[in-house]
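Novice: Supplied structure: work-v1.cif, mmCIF, N, CA and C atoms.
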data_work
loop_
_atom_site.label_atom_id
_atom_site.label_comp_id
_atom_site.auth_asym_id
_atom_site.auth_seq_id
_atom_site.Cartn_x
_atom_site.Cartn_y
_atom_site.Cartn_z
N THR H 1 -5.07 101.88 55.03
CA THR H 1 -4.30 102.64 54.07
C THR H 1 -2.98 101.93 53.80
N VAL H 2 -2.63 101.85 52.53
CA VAL H 2 -1.40 101.20 52.10
C VAL H 2 -0.22 102.13 52.33
N ASN H 3 0.86 101.58 52.83
CA ASN H 3 2.11 102.30 53.02
C ASN H 3 3.21 101.43 52.44
N LEU H 4 3.85 101.88 51.39
CA LEU H 4 4.81 101.07 50.66
C LEU H 4 6.24 101.17 51.19
N ASN H 5 6.43 101.75 52.36
CA ASN H 5 7.78 101.88 52.90
C ASN H 5 8.47 100.53 53.06
N SER H 6 7.75 99.52 53.52
CA SER H 6 8.34 98.18 53.68
C SER H 6 8.80 97.63 52.34
N LEU H 7 7.99 97.81 51.33
CA LEU H 7 8.35 97.33 49.99
C LEU H 7 9.59 98.07 49.49
N LYS H 8 9.62 99.36 49.69
CA LYS H 8 10.76 100.16 49.24
C LYS H 8 12.03 99.78 49.99
N GLU H 9 11.89 99.42 51.26
CA GLU H 9 13.06 98.95 52.01
C GLU H 9 13.57 97.62 51.46
N MET H 10 12.64 96.78 51.00
CA MET H 10 13.01 95.47 50.44
C MET H 10 13.68 95.58 49.09
N VAL H 11 13.11 96.40 48.20
CA VAL H 11 13.55 96.40 46.80
C VAL H 11 14.24 97.69 46.37
N GLY H 12 14.30 98.65 47.25
CA GLY H 12 14.86 99.94 46.88
C GLY H 12 13.78 100.86 46.35
N ASP H 13 14.18 101.98 45.87
CA ASP H 13 13.22 102.99 45.42
C ASP H 13 13.05 102.98 43.91
N ASP H 14 13.29 101.84 43.29
CA ASP H 14 13.17 101.71 41.84
C ASP H 14 11.70 101.57 41.45
N PRO H 15 11.14 102.56 40.77
CA PRO H 15 9.71 102.52 40.45
C PRO H 15 9.30 101.33 39.59
N GLU H 16 10.19 100.86 38.73
CA GLU H 16 9.86 99.72 37.87
C GLU H 16 9.70 98.43 38.69
N ILE H 17 10.59 98.24 39.65
CA ILE H 17 10.50 97.06 40.51
C ILE H 17 9.27 97.16 41.40
N ILE H 18 9.02 98.34 41.94
CA ILE H 18 7.83 98.53 42.78
C ILE H 18 6.58 98.25 41.97
N LYS H 19 6.53 98.77 40.76
CA LYS H 19 5.37 98.55 39.90
C LYS H 19 5.19 97.05 39.62
N GLU H 20 6.26 96.37 39.35
CA GLU H 20 6.19 94.93 39.08
C GLU H 20 5.66 94.17 40.29
N MET H 21 6.14 94.52 41.47
CA MET H 21 5.68 93.86 42.69
C MET H 21 4.19 94.13 42.93
N LEU H 22 3.77 95.35 42.69
CA LEU H 22 2.35 95.68 42.87
C LEU H 22 1.48 94.95 41.86
N GLU H 23 1.97 94.81 40.63
CA GLU H 23 1.22 94.07 39.61
C GLU H 23 1.10 92.59 39.99
N ILE H 24 2.16 92.02 40.52
CA ILE H 24 2.11 90.63 40.98
C ILE H 24 1.10 90.50 42.12
N PHE H 25 1.13 91.46 43.02
CA PHE H 25 0.16 91.47 44.12
C PHE H 25 -1.26 91.44 43.56
N CYS H 26 -1.52 92.29 42.57
CA CYS H 26 -2.86 92.37 41.98
C CYS H 26 -3.26 91.10 41.23
N GLN H 27 -2.30 90.37 40.73
CA GLN H 27 -2.58 89.10 40.06
C GLN H 27 -2.84 87.98 41.06
N ASP H 28 -2.08 87.96 42.15
CA ASP H 28 -2.13 86.84 43.08
C ASP H 28 -3.23 86.94 44.13
N VAL H 29 -3.44 88.11 44.68
CA VAL H 29 -4.37 88.25 45.80
C VAL H 29 -5.79 87.78 45.46
N PRO H 30 -6.34 88.10 44.29
CA PRO H 30 -7.69 87.60 44.00
C PRO H 30 -7.78 86.07 44.05
N ASN H 31 -6.73 85.38 43.64
CA ASN H 31 -6.73 83.92 43.69
C ASN H 31 -6.79 83.42 45.13
N TYR H 32 -6.04 84.06 46.02
CA TYR H 32 -6.05 83.65 47.42
C TYR H 32 -7.38 83.98 48.08
N LEU H 33 -7.94 85.13 47.76
CA LEU H 33 -9.25 85.46 48.29
C LEU H 33 -10.30 84.46 47.81
N GLU H 34 -10.21 84.10 46.55
CA GLU H 34 -11.14 83.09 46.00
C GLU H 34 -10.97 81.76 46.71
N ALA H 35 -9.75 81.37 47.01
CA ALA H 35 -9.51 80.12 47.74
C ALA H 35 -10.15 80.18 49.13
N ILE H 36 -10.10 81.34 49.76
CA ILE H 36 -10.74 81.49 51.07
C ILE H 36 -12.26 81.37 50.94
N TYR H 37 -12.83 82.05 49.96
CA TYR H 37 -14.28 81.98 49.77
C TYR H 37 -14.73 80.55 49.46
N GLN H 38 -14.01 79.88 48.57
CA GLN H 38 -14.35 78.50 48.22
C GLN H 38 -14.16 77.57 49.41
N GLY H 39 -13.11 77.81 50.18
CA GLY H 39 -12.87 77.00 51.37
C GLY H 39 -14.01 77.11 52.37
N GLN H 40 -14.57 78.30 52.49
CA GLN H 40 -15.71 78.47 53.39
C GLN H 40 -16.93 77.69 52.88
N GLU H 41 -17.15 77.75 51.58
CA GLU H 41 -18.31 77.06 50.99
C GLU H 41 -18.21 75.55 51.13
N THR H 42 -16.99 75.03 51.06
CA THR H 42 -16.80 73.57 51.07
C THR H 42 -16.24 73.05 52.39
N ASP H 43 -16.14 73.94 53.38
CA ASP H 43 -15.56 73.57 54.68
C ASP H 43 -14.14 73.03 54.54
N ASP H 44 -13.39 73.57 53.61
CA ASP H 44 -11.99 73.18 53.42
C ASP H 44 -11.12 74.19 54.17
N TRP H 45 -11.01 73.99 55.46
CA TRP H 45 -10.31 74.94 56.30
C TRP H 45 -8.80 74.85 56.12
N ALA H 46 -8.31 73.73 55.63
CA ALA H 46 -6.88 73.63 55.32
C ALA H 46 -6.55 74.57 54.16
N ALA H 47 -7.44 74.68 53.18
CA ALA H 47 -7.23 75.60 52.06
C ALA H 47 -7.26 77.05 52.54
N ILE H 48 -8.16 77.35 53.46
CA ILE H 48 -8.23 78.70 54.02
C ILE H 48 -6.94 79.01 54.78
N ALA H 49 -6.49 78.05 55.57
CA ALA H 49 -5.25 78.25 56.33
C ALA H 49 -4.07 78.48 55.39
N SER H 50 -4.01 77.72 54.32
CA SER H 50 -2.93 77.88 53.35
C SER H 50 -2.98 79.25 52.68
N ALA H 51 -4.17 79.68 52.29
CA ALA H 51 -4.32 80.97 51.62
C ALA H 51 -3.97 82.12 52.56
N THR H 52 -4.42 82.04 53.81
CA THR H 52 -4.10 83.12 54.75
C THR H 52 -2.61 83.13 55.07
N HIS H 53 -2.00 81.96 55.11
CA HIS H 53 -0.55 81.88 55.35
C HIS H 53 0.20 82.61 54.23
N THR H 54 -0.17 82.34 53.00
CA THR H 54 0.49 82.98 51.86
C THR H 54 0.21 84.48 51.83
N LEU H 55 -1.02 84.85 52.11
CA LEU H 55 -1.36 86.27 52.12
C LEU H 55 -0.63 87.02 53.22
N LYS H 56 -0.29 86.34 54.29
CA LYS H 56 0.43 86.99 55.40
C LYS H 56 1.71 87.64 54.88
N SER H 57 2.48 86.89 54.13
CA SER H 57 3.73 87.47 53.63
C SER H 57 3.47 88.42 52.46
N THR H 58 2.49 88.11 51.65
CA THR H 58 2.18 88.95 50.49
C THR H 58 1.71 90.33 50.91
N ILE H 59 0.86 90.37 51.91
CA ILE H 59 0.30 91.66 52.32
C ILE H 59 1.25 92.43 53.23
N GLY H 60 2.31 91.76 53.67
CA GLY H 60 3.26 92.39 54.57
C GLY H 60 3.89 93.64 54.03
N PHE H 61 4.16 93.69 52.74
CA PHE H 61 4.84 94.86 52.19
C PHE H 61 3.91 96.04 51.96
N THR H 62 2.63 95.89 52.26
CA THR H 62 1.68 96.99 52.06
C THR H 62 1.57 97.91 53.26
N GLY H 63 2.31 97.58 54.32
CA GLY H 63 2.25 98.41 55.52
C GLY H 63 1.05 98.10 56.41
N ARG H 64 0.32 97.06 56.10
CA ARG H 64 -0.85 96.69 56.90
C ARG H 64 -0.49 95.60 57.90
N GLY H 65 0.26 95.98 58.91
CA GLY H 65 0.65 95.04 59.95
C GLY H 65 -0.54 94.41 60.64
N ASP H 66 -1.66 95.14 60.72
CA ASP H 66 -2.86 94.59 61.34
C ASP H 66 -3.36 93.36 60.57
N LEU H 67 -3.25 93.40 59.24
CA LEU H 67 -3.68 92.26 58.44
C LEU H 67 -2.69 91.11 58.52
N VAL H 68 -1.42 91.44 58.65
CA VAL H 68 -0.40 90.40 58.84
C VAL H 68 -0.68 89.66 60.15
N ASP H 69 -0.96 90.41 61.21
CA ASP H 69 -1.27 89.80 62.51
C ASP H 69 -2.52 88.94 62.44
N LEU H 70 -3.52 89.42 61.74
CA LEU H 70 -4.76 88.66 61.60
C LEU H 70 -4.53 87.39 60.79
N ALA H 71 -3.77 87.49 59.71
CA ALA H 71 -3.44 86.30 58.91
C ALA H 71 -2.69 85.29 59.75
N GLU H 72 -1.84 85.78 60.63
CA GLU H 72 -1.08 84.90 61.53
C GLU H 72 -2.04 84.05 62.37
N LYS H 73 -3.09 84.67 62.86
CA LYS H 73 -4.09 83.95 63.66
C LYS H 73 -4.89 82.97 62.79
N LEU H 74 -5.27 83.43 61.62
CA LEU H 74 -6.15 82.63 60.76
C LEU H 74 -5.45 81.42 60.15
N GLN H 75 -4.16 81.51 59.92
CA GLN H 75 -3.45 80.45 59.21
C GLN H 75 -3.41 79.13 59.98
N TYR H 76 -3.66 79.17 61.26
CA TYR H 76 -3.57 77.95 62.06
C TYR H 76 -4.91 77.23 62.23
N GLN H 77 -5.98 77.81 61.71
CA GLN H 77 -7.31 77.19 61.84
C GLN H 77 -7.52 76.23 60.67
N LYS H 78 -7.15 74.97 60.86
CA LYS H 78 -7.20 73.99 59.76
C LYS H 78 -8.41 73.08 59.82
N VAL H 79 -9.25 73.27 60.82
CA VAL H 79 -10.52 72.54 60.91
C VAL H 79 -11.62 73.56 61.13
N LYS H 80 -12.84 73.16 60.85
CA LYS H 80 -13.97 74.09 60.99
C LYS H 80 -14.01 74.64 62.41
N PRO H 81 -13.98 75.95 62.55
CA PRO H 81 -13.96 76.54 63.88
C PRO H 81 -15.31 76.45 64.58
N GLU H 82 -15.24 76.27 65.88
CA GLU H 82 -16.46 76.24 66.68
C GLU H 82 -16.83 77.64 67.18
N ASP H 83 -15.84 78.50 67.26
CA ASP H 83 -16.05 79.85 67.76
C ASP H 83 -16.60 80.74 66.64
N PRO H 84 -17.82 81.25 66.80
CA PRO H 84 -18.40 82.10 65.76
C PRO H 84 -17.60 83.39 65.52
N ALA H 85 -16.84 83.83 66.50
CA ALA H 85 -16.04 85.04 66.33
C ALA H 85 -14.98 84.85 65.26
N PHE H 86 -14.57 83.61 65.04
CA PHE H 86 -13.57 83.34 64.01
C PHE H 86 -14.07 83.78 62.64
N TYR H 87 -15.35 83.54 62.38
CA TYR H 87 -15.93 83.91 61.09
C TYR H 87 -15.91 85.43 60.90
N ASP H 88 -16.11 86.17 61.99
CA ASP H 88 -16.04 87.63 61.90
C ASP H 88 -14.62 88.08 61.58
N LEU H 89 -13.63 87.42 62.20
CA LEU H 89 -12.23 87.74 61.90
C LEU H 89 -11.90 87.47 60.44
N LEU H 90 -12.37 86.34 59.96
CA LEU H 90 -12.11 85.97 58.57
C LEU H 90 -12.79 86.96 57.61
N LYS H 91 -14.01 87.33 57.93
CA LYS H 91 -14.73 88.29 57.10
C LYS H 91 -14.01 89.64 57.09
N HIS H 92 -13.56 90.08 58.24
CA HIS H 92 -12.82 91.34 58.33
C HIS H 92 -11.53 91.25 57.51
N PHE H 93 -10.83 90.14 57.64
CA PHE H 93 -9.57 89.96 56.91
C PHE H 93 -9.80 90.02 55.39
N THR H 94 -10.80 89.30 54.90
CA THR H 94 -11.04 89.28 53.45
C THR H 94 -11.51 90.64 52.96
N ARG H 95 -12.36 91.29 53.73
CA ARG H 95 -12.85 92.62 53.33
C ARG H 95 -11.71 93.63 53.27
N GLU H 96 -10.86 93.64 54.29
CA GLU H 96 -9.74 94.58 54.32
C GLU H 96 -8.69 94.26 53.26
N THR H 97 -8.45 92.97 53.03
CA THR H 97 -7.50 92.58 51.99
C THR H 97 -8.01 93.02 50.62
N ALA H 98 -9.30 92.85 50.38
CA ALA H 98 -9.89 93.30 49.12
C ALA H 98 -9.78 94.82 48.98
N SER H 99 -9.91 95.52 50.09
CA SER H 99 -9.77 96.98 50.08
C SER H 99 -8.34 97.39 49.73
N VAL H 100 -7.36 96.68 50.30
CA VAL H 100 -5.96 96.95 49.97
C VAL H 100 -5.72 96.69 48.48
N LEU H 101 -6.29 95.62 47.98
CA LEU H 101 -6.16 95.29 46.56
C LEU H 101 -6.67 96.44 45.70
N GLU H 102 -7.83 96.97 46.03
CA GLU H 102 -8.39 98.07 45.25
C GLU H 102 -7.52 99.32 45.35
N GLU H 103 -6.97 99.57 46.53
CA GLU H 103 -6.11 100.73 46.70
C GLU H 103 -4.84 100.60 45.85
N ILE H 104 -4.29 99.39 45.80
CA ILE H 104 -3.09 99.18 45.00
C ILE H 104 -3.41 99.28 43.51
N LYS H 105 -4.55 98.79 43.10
CA LYS H 105 -4.96 98.94 41.69
C LYS H 105 -5.04 100.42 41.33
N GLU H 106 -5.58 101.22 42.23
CA GLU H 106 -5.68 102.66 42.00
C GLU H 106 -4.29 103.30 41.92
N MET H 107 -3.38 102.86 42.79
CA MET H 107 -2.01 103.36 42.75
C MET H 107 -1.37 103.06 41.39
N LEU H 108 -1.58 101.85 40.91
CA LEU H 108 -1.01 101.46 39.62
C LEU H 108 -1.63 102.30 38.49
N LYS H 109 -2.92 102.48 38.55
CA LYS H 109 -3.62 103.24 37.52
C LYS H 109 -3.09 104.67 37.43
N ASN H 110 -2.78 105.25 38.59
CA ASN H 110 -2.32 106.64 38.64
C ASN H 110 -0.80 106.78 38.72
N ASN H 111 -0.09 105.64 38.62
CA ASN H 111 1.37 105.66 38.80
C ASN H 111 1.76 106.41 40.07
N ASP H 112 1.04 106.12 41.13
CA ASP H 112 1.23 106.80 42.41
C ASP H 112 1.84 105.84 43.42
N PHE H 113 3.12 105.54 43.20
CA PHE H 113 3.82 104.62 44.11
C PHE H 113 5.25 105.08 44.25
#
Spell out the structure here as structure tokens.
Specialist:
Amino acid sequence: TVNLNSLKEMVGDDPEIIKEMLEIFCQDVPNYLEAIYQGQETDDWAAIASATHTLKSTIGFTGRGDLVDLAEKLQYQKVKPEDPAFYDLLKHFTRETASVLEEIKEMLKNNDF
């Protein structure tokens, strides 16, 4: 569940600024998720690390500290992992990030922020 308290602490309680930040989130996150998916297909783990690093700060204002912590772990894997559990972590991260994205889109649609 998204909690925008961190965002509001950063930018104040101005609905226009909050809306703008959420719109930027909705524009940027799909590109980073796509970079992760493509990185998996091409074994470009440096690209995955870069995308998770950027998403770490981007997703931080959504109140999902669990995803920030997970991105922190994922951002350092710059070569193909040998541990199969890593793939489960990555899958969980992308699935949950996509879920946050959908929740924010719904917030924007309903002006519920």
Novice: Just list the residues in region 5-112 of chain H DSSP gives alpha helix (DSSP H) on the backbone, as a VMD selection string.
Specialist: chain H and resid 5 to 11 15 to 42 45 to 60 65 to 74 84 to 109
Novice: Quick one: what's the axis-aligned box for region 23-32 of chain H, all listed atoms, 4 Å on every side, centre and edges in Å to one decimal, as lines of an AutoDock Vina configuration file?
Specialist:
center_x = -2.8
center_y = 89.1
center_z = 43.8
size_x = 17.9
size_y = 19.4
size_z = 16.5
Novice: Just checking: using only C-alpha atoms, which residue out of H:Lys8, H:His53, H:His92, H:Lys105 ends up closest to Gln77 (chain H)?
Specialist: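 Distance minimum relative to Gln77 (chain H) lands on H:His53.
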Novice: Measuring atom to atom with only N, CA and C atoms, identify which of H:Glu82, H:Leu108, H:Glu72, H:Ser6 is nearest to Gly60 (chain H).
Specialist: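 Of all the options, H:Ser6 lies closest to Gly60 (chain H).
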Novice: Is it possible to get the residues within 10 Å of (-10.2, 89.7, 53.4) (coordinates as in the file, counting only C-alpha atoms) written as a short mmCIF file (atom, residue, chain, number, x, y, z; two decimals) with N, CA and C atoms, in the coordinates of the input?
Specialist:
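Saved file point19.cif follows:
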data_model
loop_
_atom_site.label_atom_id
_atom_site.label_comp_id
_atom_site.auth_asym_id
_atom_site.auth_seq_id
_atom_site.Cartn_x
_atom_site.Cartn_y
_atom_site.Cartn_z
N VAL H 29 -3.44 88.11 44.68
CA VAL H 29 -4.37 88.25 45.80
C VAL H 29 -5.79 87.78 45.46
N PRO H 30 -6.34 88.10 44.29
CA PRO H 30 -7.69 87.60 44.00
C PRO H 30 -7.78 86.07 44.05
N TYR H 32 -6.04 84.06 46.02
CA TYR H 32 -6.05 83.65 47.42
C TYR H 32 -7.38 83.98 48.08
N LEU H 33 -7.94 85.13 47.76
CA LEU H 33 -9.25 85.46 48.29
C LEU H 33 -10.30 84.46 47.81
N GLU H 34 -10.21 84.10 46.55
CA GLU H 34 -11.14 83.09 46.00
C GLU H 34 -10.97 81.76 46.71
N ILE H 36 -10.10 81.34 49.76
CA ILE H 36 -10.74 81.49 51.07
C ILE H 36 -12.26 81.37 50.94
N TYR H 37 -12.83 82.05 49.96
CA TYR H 37 -14.28 81.98 49.77
C TYR H 37 -14.73 80.55 49.46
N THR H 52 -4.42 82.04 53.81
CA THR H 52 -4.10 83.12 54.75
C THR H 52 -2.61 83.13 55.07
N LEU H 55 -1.02 84.85 52.11
CA LEU H 55 -1.36 86.27 52.12
C LEU H 55 -0.63 87.02 53.22
N LEU H 67 -3.25 93.40 59.24
CA LEU H 67 -3.68 92.26 58.44
C LEU H 67 -2.69 91.11 58.52
N LEU H 70 -3.52 89.42 61.74
CA LEU H 70 -4.76 88.66 61.60
C LEU H 70 -4.53 87.39 60.79
N ALA H 71 -3.77 87.49 59.71
CA ALA H 71 -3.44 86.30 58.91
C ALA H 71 -2.69 85.29 59.75
N LEU H 89 -13.63 87.42 62.20
CA LEU H 89 -12.23 87.74 61.90
C LEU H 89 -11.90 87.47 60.44
N LEU H 90 -12.37 86.34 59.96
CA LEU H 90 -12.11 85.97 58.57
C LEU H 90 -12.79 86.96 57.61
N LYS H 91 -14.01 87.33 57.93
CA LYS H 91 -14.73 88.29 57.10
C LYS H 91 -14.01 89.64 57.09
N HIS H 92 -13.56 90.08 58.24
CA HIS H 92 -12.82 91.34 58.33
C HIS H 92 -11.53 91.25 57.51
N PHE H 93 -10.83 90.14 57.64
CA PHE H 93 -9.57 89.96 56.91
C PHE H 93 -9.80 90.02 55.39
N THR H 94 -10.80 89.30 54.90
CA THR H 94 -11.04 89.28 53.45
C THR H 94 -11.51 90.64 52.96
N ARG H 95 -12.36 91.29 53.73
CA ARG H 95 -12.85 92.62 53.33
C ARG H 95 -11.71 93.63 53.27
N GLU H 96 -10.86 93.64 54.29
CA GLU H 96 -9.74 94.58 54.32
C GLU H 96 -8.69 94.26 53.26
N THR H 97 -8.45 92.97 53.03
CA THR H 97 -7.50 92.58 51.99
C THR H 97 -8.01 93.02 50.62
N ALA H 98 -9.30 92.85 50.38
CA ALA H 98 -9.89 93.30 49.12
C ALA H 98 -9.78 94.82 48.98
N SER H 99 -9.91 95.52 50.09
CA SER H 99 -9.77 96.98 50.08
C SER H 99 -8.34 97.39 49.73
N VAL H 100 -7.36 96.68 50.30
CA VAL H 100 -5.96 96.95 49.97
C VAL H 100 -5.72 96.69 48.48
N LEU H 101 -6.29 95.62 47.98
CA LEU H 101 -6.16 95.29 46.56
C LEU H 101 -6.67 96.44 45.70
#
Novice: Please, what distance in Å, to one decimal, runs between atom N of Trp45 (chain H) and atom N of Asp88 (chain H)?
Specialist: 14.7 Å
Novice: Which residue, H:Ala46, H:Val2, H:Ile24, H:Ile17, has the smallest gap to Val79 (chain H) when you use all atoms listed in the file?
Specialist: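 Checking each candidate against Val79 (chain H), we get H:Ala46 as the closest.
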Novice: For Gly39 (chain H), which residue among H:Ile104, H:Lys73, H:Cys26, H:Ala51 is the nearest when counting only C-alpha atoms?
Specialist: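 Going through H:Ile104, H:Lys73, H:Cys26, H:Ala51 one by one, the smallest distance to Gly39 (chain H) is for H:Ala51.
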Novice: How far is it from CA of Phe61 (chain H) to CA of Leu4 (chain H), in Å with one decimal?
Specialist: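 One can read the CA of Phe61 (chain H) to CA of Leu4 (chain H) distance as 6.4 Å.
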Novice: Under the rule that all atoms listed in the file are counted, which of H:Ser50, H:Arg64, H:Lys56, H:Asp112 is the nearest residue to Tyr76 (chain H)?
Specialist: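 Smallest distance to Tyr76 (chain H) is found for H:Ser50.
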